[in-house]
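Everything on this sheet refers to the single structure shown next.
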Amino acid sequence: MMKATGLNRAKIAQTVGFNLLRLVTVITVIPIIGLVAYIVISGAPAISWEFISSAPSNGMREGGILPAIVGTLYLTLGTAIFSVPIGVLAGIYLAEYAEENILTRIIRIAIINLAGIPSVVYGLFGLGLFVLFLKLGTSILAASLTLSIMTLPVIISTTEEALRSVPNSFRVVSTSLGATRWQTVRRITLPQALPGIITGIILGLERAAGETAPILFTGATFFLPQLPQSPLDATMALPYHIFVISTQIPGMPIQIQYGTVLVLLVFVLGMNLIATLIRSRARAKRQW
Amino acid sequence: MKEILVRNLSVRYSDDNESLKNISLEIESRAITVLFGPAGGGKSTFLRTLNRLNDLADLKEMKGEVLFHNHNILVPDIDVIDLRRKIGMVFSRPVPLPLSIFDNVAYGLVMAGEHDKEKLTHLVEKALKQAFLWDEVNDRLKDSAYSLSGGQQQRVCLARVLALEPEVILLDEPTSALDPIVTSYIEDMLRELKKDYTIIIAPHNVQQAARVADYAAFFLMGELIEYGSGIDLFQVPKDKRTSDYVTGRFG
């Protein structure tokens with residue numbers, strides 16, 4: 001009788017515990033779903049072909065957001081050009097070549113800390129180094145370089161992690177068959193780690209695409225009558241444009257604000273979706 | 001004829017784990033030499049020293065000489081890549097590379113710079129036949145090596161060593177993950193292969209050691225206790241520790 005009661009209490013405790021955990025999980029999801037739903041509902045009426053294909057007019061209060069969309073695409077692309085090769089190569093070096101010593105430990109600690117620096121600090125750093133010292137001016141180039149420095153730690157550490165998740169037995173076998181270290185990386189470990197690396201790249205770029213502070217002083221501009229013509233031009237960009245139209249313009253129609261936010265959200269979540277698809281497809285295909 | 005001469009070889013890992021203590025041994029060419037003894041005795045370390053795979057491990061020190069074709073392969077300036085092509089290795093667990101069956105077998109050749117498709121096809125076929133696998137896989141060479149059974153995978157691993165036409169084949173408990181039927185299959189194959197290759201094997205039990213040994217070396221805690229012909233070691237061992245192990249009194 002006693003035993004049965006004890007068992008019952010354990011069962012009740014378990015049921016309560018499970019449901020509590022479930023509740024907490026649901027609570028964390030609600031704000032995200034609510035946020036996305038609210039933006040979609042409020043922003044959808046603003047979306048039209050004209051909205052994404054024409055420039056703002058009447059002091060931003062009418063027209064579309066094409067220059068901001070194009071600007072964000074340019075900045076994302078520029079960031080990729082600088083951060084992807086450097087980040088991936090550094091990740092390969094750290095995972096496959098670097099010996100464990102004080103130097104590599106310092107590099108790793110630096111990378112981790114770099115990832116934790118507030119983005120506005122990157123913005124000021126970019127202003128000092130690229131805009132003023134290297135005299136690139138407020139430009140797509142300067143902003144891309146600033147965003148690259150911010151993105152690098154993400155790409156380096158995800159590349160390193162993806163390579164480390166490839167079983168070491170592959171390296172041993174490849175070496176035993178007379179492959180050099182680089183051959184092993186190129187033929188075996190890199191292809192196996194590629195989906196993970198691409199996922200890391202996309203997540204890093206996605207963050208860069210959505211940032212305001214790093215481009216605030218380095219490349220973003222309030223308004224441009226035409227699309228940027230060269231990497232040394234300043235550009236409009238979605239995150240900064242959202243800041244501008246929500247704080248700097250009196251009498252701004254709220255619909256356009258939500259519409260712009262929705263476009264940025266679709267852009268960023270779209271990249272996220274691609275990363276998720278790549279990862280799950282690779283996981284399904286993986287044999288080991 | 002002696003294929004490999006080992007003189008006063010001592011190996012120690014950084015964590016002082018499995019190590020070798022002053023091993024001297026002469027490996028007969030075109031014969032099966034068996035290294036046996038309890039786990040942790042230094043068999044794997046010994047094998048991995050012979051093709052310098054130990055370079056990947058965290059070693060504290062490596063002393064002595066290993067002479068292969070009269071060259072000490074432990075000196076830093078030898079061509080390790082070339083050495084590994086001449087002294088191939090099969091591991092205890094089948095580890096196919098994440099490639100097709102064909103690409104697995106051709107891997108070492110391609111890494112060595114062989115890109116002639118016809119020649120590769122010929123050598124892959126030859127190696128798969130030597131490993132008694134050709135009949136089972138010749139219609140699906142493009143399939144992933146992971147689509148094969150464990151026994152077939154291990155024969156792919158053997159075939160990819162054979163494709164390099166090595167002189168010495170090292171096998172580290174090659175049948176420990178396989179069932180008895182496949183195991184006897186592989187043992188037959190080794191008896192066939194010893195006509196052309198020098199084989200050094202760490203079998204996964206004493207019975208297998210006795211079955212395949214032309215020569216046998218008993219390793220215990222990093223020391224070479226006894227070395228001689230297989231018949232001597234398994235029927236009239238000189239050292240008490242060898243006879244205790246062979247008769248199953250410990251181990």
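We label chains A, B, ... in the order they appear in the structure tokens, count residues from 1 in each chain, and number ligands from 1 in the order shown.
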
Chain A residues near chain B (9 Å cut-off, only C-alpha atoms) as a list of chain:residue names: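 Selected residues: A:Ser169, A:Phe170, A:Val172, A:Val173, A:Ser174, A:Thr175, A:Ser176, A:Leu177, A:Gly178, A:Ala179, A:Thr180, A:Gln183, A:Ile188, A:Gln192, A:Arg286, A:Gln287, A:Trp288.
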
Filtering to N, CA and C atoms, could you give me those residues as a PDB file, in the first residue's frame?
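Everything below was put into out_10.pdb:
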```pdb
ATOM      1  N   SER A 169      38.824   9.448 -37.536  1.00  0.00           N
ATOM      2  CA  SER A 169      39.244   8.213 -38.216  1.00  0.00           C
ATOM      3  C   SER A 169      39.412   8.442 -39.710  1.00  0.00           C
ATOM      4  N   PHE A 170      38.616   9.359 -40.295  1.00  0.00           N
ATOM      5  CA  PHE A 170      38.782   9.673 -41.722  1.00  0.00           C
ATOM      6  C   PHE A 170      40.167  10.248 -41.990  1.00  0.00           C
ATOM      7  N   VAL A 172      42.887   9.778 -40.185  1.00  0.00           N
ATOM      8  CA  VAL A 172      43.889   8.731 -39.994  1.00  0.00           C
ATOM      9  C   VAL A 172      43.944   7.826 -41.216  1.00  0.00           C
ATOM     10  N   VAL A 173      42.762   7.399 -41.695  1.00  0.00           N
ATOM     11  CA  VAL A 173      42.705   6.509 -42.857  1.00  0.00           C
ATOM     12  C   VAL A 173      43.310   7.198 -44.084  1.00  0.00           C
ATOM     13  N   SER A 174      42.895   8.433 -44.323  1.00  0.00           N
ATOM     14  CA  SER A 174      43.394   9.166 -45.490  1.00  0.00           C
ATOM     15  C   SER A 174      44.915   9.300 -45.425  1.00  0.00           C
ATOM     16  N   THR A 175      45.425   9.626 -44.256  1.00  0.00           N
ATOM     17  CA  THR A 175      46.873   9.744 -44.080  1.00  0.00           C
ATOM     18  C   THR A 175      47.562   8.411 -44.326  1.00  0.00           C
ATOM     19  N   SER A 176      46.943   7.330 -43.824  1.00  0.00           N
ATOM     20  CA  SER A 176      47.567   6.010 -43.965  1.00  0.00           C
ATOM     21  C   SER A 176      47.622   5.580 -45.424  1.00  0.00           C
ATOM     22  N   LEU A 177      46.778   6.187 -46.271  1.00  0.00           N
ATOM     23  CA  LEU A 177      46.800   5.845 -47.693  1.00  0.00           C
ATOM     24  C   LEU A 177      47.720   6.768 -48.482  1.00  0.00           C
ATOM     25  N   GLY A 178      48.532   7.525 -47.761  1.00  0.00           N
ATOM     26  CA  GLY A 178      49.528   8.347 -48.436  1.00  0.00           C
ATOM     27  C   GLY A 178      49.024   9.703 -48.876  1.00  0.00           C
ATOM     28  N   ALA A 179      47.934  10.188 -48.285  1.00  0.00           N
ATOM     29  CA  ALA A 179      47.461  11.531 -48.618  1.00  0.00           C
ATOM     30  C   ALA A 179      48.186  12.559 -47.757  1.00  0.00           C
ATOM     31  N   THR A 180      48.466  13.703 -48.331  1.00  0.00           N
ATOM     32  CA  THR A 180      49.032  14.785 -47.526  1.00  0.00           C
ATOM     33  C   THR A 180      47.908  15.410 -46.709  1.00  0.00           C
ATOM     34  N   GLN A 183      45.582  17.323 -48.979  1.00  0.00           N
ATOM     35  CA  GLN A 183      44.725  16.415 -49.759  1.00  0.00           C
ATOM     36  C   GLN A 183      43.587  15.889 -48.899  1.00  0.00           C
ATOM     37  N   ILE A 188      38.395  15.037 -48.190  1.00  0.00           N
ATOM     38  CA  ILE A 188      37.550  14.369 -47.196  1.00  0.00           C
ATOM     39  C   ILE A 188      36.915  15.355 -46.217  1.00  0.00           C
ATOM     40  N   GLN A 192      32.931  17.090 -46.304  1.00  0.00           N
ATOM     41  CA  GLN A 192      32.018  16.607 -45.272  1.00  0.00           C
ATOM     42  C   GLN A 192      31.536  17.752 -44.387  1.00  0.00           C
ATOM     43  N   ARG A 286      24.054  12.324 -44.755  1.00  0.00           N
ATOM     44  CA  ARG A 286      25.312  11.915 -44.130  1.00  0.00           C
ATOM     45  C   ARG A 286      25.292  10.438 -43.786  1.00  0.00           C
ATOM     46  N   GLN A 287      26.411   9.774 -44.015  1.00  0.00           N
ATOM     47  CA  GLN A 287      26.444   8.324 -43.836  1.00  0.00           C
ATOM     48  C   GLN A 287      27.080   7.873 -42.535  1.00  0.00           C
ATOM     49  N   TRP A 288      27.881   8.729 -41.926  1.00  0.00           N
ATOM     50  CA  TRP A 288      28.595   8.268 -40.739  1.00  0.00           C
ATOM     51  C   TRP A 288      27.934   8.757 -39.469  1.00  0.00           C
TER      52      TRP A 288
END
```

From a DSSP calculation on the backbone, collect every residue of segment 101-161 of chain B in helix (DSSP H, G or I) and output the set as a ChimeraX atom specification. /B:101-111,117-130,134-137,145-147,150-161

Please produce a file of those selected residues containing C-alpha atoms, as a PDB file, in the first residue's frame.
```pdb
ATOM      1  CA  ILE B 101      33.255   2.057 -53.499  1.00  0.00           C
ATOM      2  CA  PHE B 102      35.360   2.862 -56.561  1.00  0.00           C
ATOM      3  CA  ASP B 103      36.689   6.123 -55.143  1.00  0.00           C
ATOM      4  CA  ASN B 104      37.566   4.415 -51.867  1.00  0.00           C
ATOM      5  CA  VAL B 105      39.713   1.843 -53.607  1.00  0.00           C
ATOM      6  CA  ALA B 106      41.204   4.397 -56.004  1.00  0.00           C
ATOM      7  CA  TYR B 107      41.828   6.949 -53.231  1.00  0.00           C
ATOM      8  CA  GLY B 108      45.491   6.214 -52.549  1.00  0.00           C
ATOM      9  CA  LEU B 109      46.284   6.052 -56.258  1.00  0.00           C
ATOM     10  CA  VAL B 110      44.576   9.361 -57.006  1.00  0.00           C
ATOM     11  CA  MET B 111      46.378  10.987 -54.079  1.00  0.00           C
ATOM     12  CA  LYS B 117      40.914   6.652 -65.847  1.00  0.00           C
ATOM     13  CA  GLU B 118      41.696   3.410 -67.638  1.00  0.00           C
ATOM     14  CA  LYS B 119      44.613   2.574 -65.397  1.00  0.00           C
ATOM     15  CA  LEU B 120      42.598   3.397 -62.290  1.00  0.00           C
ATOM     16  CA  THR B 121      39.740   1.188 -63.446  1.00  0.00           C
ATOM     17  CA  HIS B 122      42.138  -1.665 -64.050  1.00  0.00           C
ATOM     18  CA  LEU B 123      43.912  -1.321 -60.691  1.00  0.00           C
ATOM     19  CA  VAL B 124      40.653  -0.972 -58.757  1.00  0.00           C
ATOM     20  CA  GLU B 125      39.317  -4.133 -60.380  1.00  0.00           C
ATOM     21  CA  LYS B 126      42.516  -5.996 -59.600  1.00  0.00           C
ATOM     22  CA  ALA B 127      42.496  -4.886 -55.969  1.00  0.00           C
ATOM     23  CA  LEU B 128      38.847  -5.789 -55.490  1.00  0.00           C
ATOM     24  CA  LYS B 129      39.514  -9.231 -56.945  1.00  0.00           C
ATOM     25  CA  GLN B 130      42.461  -9.714 -54.611  1.00  0.00           C
ATOM     26  CA  TRP B 134      34.800  -7.977 -57.034  1.00  0.00           C
ATOM     27  CA  ASP B 135      31.929 -10.412 -57.652  1.00  0.00           C
ATOM     28  CA  GLU B 136      29.826  -8.804 -54.951  1.00  0.00           C
ATOM     29  CA  VAL B 137      30.277  -5.157 -55.931  1.00  0.00           C
ATOM     30  CA  ALA B 145      30.899   2.348 -49.557  1.00  0.00           C
ATOM     31  CA  TYR B 146      28.555   2.749 -46.606  1.00  0.00           C
ATOM     32  CA  SER B 147      25.872   0.783 -48.440  1.00  0.00           C
ATOM     33  CA  GLY B 150      30.570  -4.630 -42.311  1.00  0.00           C
ATOM     34  CA  GLY B 151      32.499  -7.542 -43.790  1.00  0.00           C
ATOM     35  CA  GLN B 152      32.341  -6.044 -47.261  1.00  0.00           C
ATOM     36  CA  GLN B 153      33.412  -2.650 -45.917  1.00  0.00           C
ATOM     37  CA  GLN B 154      36.468  -4.213 -44.313  1.00  0.00           C
ATOM     38  CA  ARG B 155      37.377  -5.846 -47.610  1.00  0.00           C
ATOM     39  CA  VAL B 156      37.018  -2.450 -49.315  1.00  0.00           C
ATOM     40  CA  CYS B 157      39.496  -1.171 -46.738  1.00  0.00           C
ATOM     41  CA  LEU B 158      41.850  -4.015 -47.608  1.00  0.00           C
ATOM     42  CA  ALA B 159      41.352  -3.476 -51.333  1.00  0.00           C
ATOM     43  CA  ARG B 160      42.209   0.189 -51.082  1.00  0.00           C
ATOM     44  CA  VAL B 161      45.515  -0.772 -49.452  1.00  0.00           C
TER      45      VAL B 161
END
```

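The environment of segment 130-132 of chain A within 7 Å, counting only C-alpha atoms and disregarding residues fewer than 4 places along the same chain, consists of Gly126, Leu136, Gly137, Thr138, Ala142 and Thr218 of chain A.
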
Same residues, N, CA and C atoms, output as a PDB file, in the first residue's frame:
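The file below, out_11.pdb, is the result:
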```
ATOM      1  N   GLY A 126      35.169  50.887 -37.308  1.00  0.00           N
ATOM      2  CA  GLY A 126      35.144  51.032 -38.770  1.00  0.00           C
ATOM      3  C   GLY A 126      35.293  52.491 -39.178  1.00  0.00           C
ATOM      4  N   LEU A 136      38.522  55.762 -46.894  1.00  0.00           N
ATOM      5  CA  LEU A 136      37.540  55.176 -47.808  1.00  0.00           C
ATOM      6  C   LEU A 136      36.247  55.975 -47.801  1.00  0.00           C
ATOM      7  N   GLY A 137      36.123  56.881 -46.839  1.00  0.00           N
ATOM      8  CA  GLY A 137      34.911  57.680 -46.760  1.00  0.00           C
ATOM      9  C   GLY A 137      33.727  56.852 -46.295  1.00  0.00           C
ATOM     10  N   THR A 138      32.582  57.495 -46.177  1.00  0.00           N
ATOM     11  CA  THR A 138      31.365  56.767 -45.854  1.00  0.00           C
ATOM     12  C   THR A 138      30.930  56.042 -47.119  1.00  0.00           C
ATOM     13  N   ALA A 142      33.665  50.662 -47.021  1.00  0.00           N
ATOM     14  CA  ALA A 142      33.992  50.799 -45.597  1.00  0.00           C
ATOM     15  C   ALA A 142      32.984  50.040 -44.738  1.00  0.00           C
ATOM     16  N   THR A 218      29.607  54.267 -41.091  1.00  0.00           N
ATOM     17  CA  THR A 218      30.597  53.840 -42.087  1.00  0.00           C
ATOM     18  C   THR A 218      30.081  53.806 -43.513  1.00  0.00           C
TER      19      THR A 218
END
```

As a PyMOL selection string, please: every residue in segment 46-248 of chain B that DSSP puts in strand (DSSP E). chain B and resi 59-68+71-72+87-90+168-172+198-202+215-220+223-229

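Our summary of the geometry notes that atom CA of Leu47 of chain B is positioned 23.2 Å from atom CA of Pro237 of chain B.
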
Near Lys194 of chain B, within 12 Å and counting only C-alpha atoms, which residues show up once chain neighbours fewer than 6 positions away are dropped, as a ChimeraX atom specification? /B:28-33,130,167-170,187-188,200-201,212-214

Using only C-alpha atoms, determine which residues lie at most 7 Å from segment 258-275 of chain A, disregarding the query and same-chain residues fewer than 5 positions distant; provide the list as a list in words.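 The residues satisfying every condition are Ile39, Val40, Ser42, Gly43, Ala44, Ala46, Ile47, Thr199, Ile202, Leu203, Glu206, Leu238 and Ile242 of chain A.
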
What's the separation between atom CA of Gln226 of chain A and atom CA of Pro67 of chain A, in Å to one decimal place? 7.4 Å

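Distance annotation: of A:Ile102, A:Ile117, A:Ile254, A:Leu75, the residue with the minimal separation from Leu147 of chain A is A:Leu75; atom set is only C-alpha atoms.
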
Which residues, written as a PDB file with C-alpha atoms, in the first residue's frame, have at least one atom at most 9 Å from Gly248 of chain B, with only C-alpha atoms counted and residues fewer than 4 positions away on the same chain left out?
```pdb
ATOM      1  CA  VAL B 206      45.008 -16.026 -29.488  1.00  0.00           C
ATOM      2  CA  SER B 243      52.704 -20.186 -22.225  1.00  0.00           C
ATOM      3  CA  ASP B 244      50.391 -18.807 -19.524  1.00  0.00           C
TER       4      ASP B 244
END
```

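Of the listed residues A:Thr276, A:Phe222, A:Trp182, A:Thr247, the one whose atoms come nearest to Pro56 of chain A is A:Phe222, with distances taken using only C-alpha atoms.
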
For atom CA of Leu141 of chain B and atom CA of Ser100 of chain B, the interatomic separation in Å (one decimal):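 Taking atom CA of Leu141 of chain B as the start and atom CA of Ser100 of chain B as the end point, the length is 6.7 Å.
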
Mind checking which residues fall within 7 Å of Phe51 of chain A, counting only C-alpha atoms, ignoring those fewer than 3 positions away in the same chain, and posting them as a PDB file with N, CA and C atoms, in the first residue's frame?
```pdb
ATOM      1  N   ILE A  47       2.881  46.190 -48.890  1.00  0.00           N
ATOM      2  CA  ILE A  47       3.704  45.518 -49.894  1.00  0.00           C
ATOM      3  C   ILE A  47       3.009  45.529 -51.248  1.00  0.00           C
ATOM      4  N   SER A  48       3.742  46.010 -52.219  1.00  0.00           N
ATOM      5  CA  SER A  48       3.253  45.963 -53.594  1.00  0.00           C
ATOM      6  C   SER A  48       4.471  45.977 -54.494  1.00  0.00           C
ATOM      7  N   SER A  54      10.501  50.911 -56.438  1.00  0.00           N
ATOM      8  CA  SER A  54      10.695  52.339 -56.707  1.00  0.00           C
ATOM      9  C   SER A  54      11.334  53.029 -55.504  1.00  0.00           C
ATOM     10  N   GLY A  63       5.999  56.331 -52.046  1.00  0.00           N
ATOM     11  CA  GLY A  63       6.925  55.577 -52.901  1.00  0.00           C
ATOM     12  C   GLY A  63       7.404  54.313 -52.224  1.00  0.00           C
ATOM     13  N   GLY A  64       8.539  53.803 -52.716  1.00  0.00           N
ATOM     14  CA  GLY A  64       8.999  52.499 -52.251  1.00  0.00           C
ATOM     15  C   GLY A  64      10.328  52.553 -51.522  1.00  0.00           C
ATOM     16  N   ILE A  65      10.979  51.411 -51.436  1.00  0.00           N
ATOM     17  CA  ILE A  65      12.221  51.300 -50.670  1.00  0.00           C
ATOM     18  C   ILE A  65      13.318  50.607 -51.480  1.00  0.00           C
TER      19      ILE A  65
END
```

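Distances from B:Tyr245, B:Phe234, B:Phe250, B:Tyr197 to Ile27 of chain B were compared using only C-alpha atoms, and the smallest one belongs to B:Tyr197.
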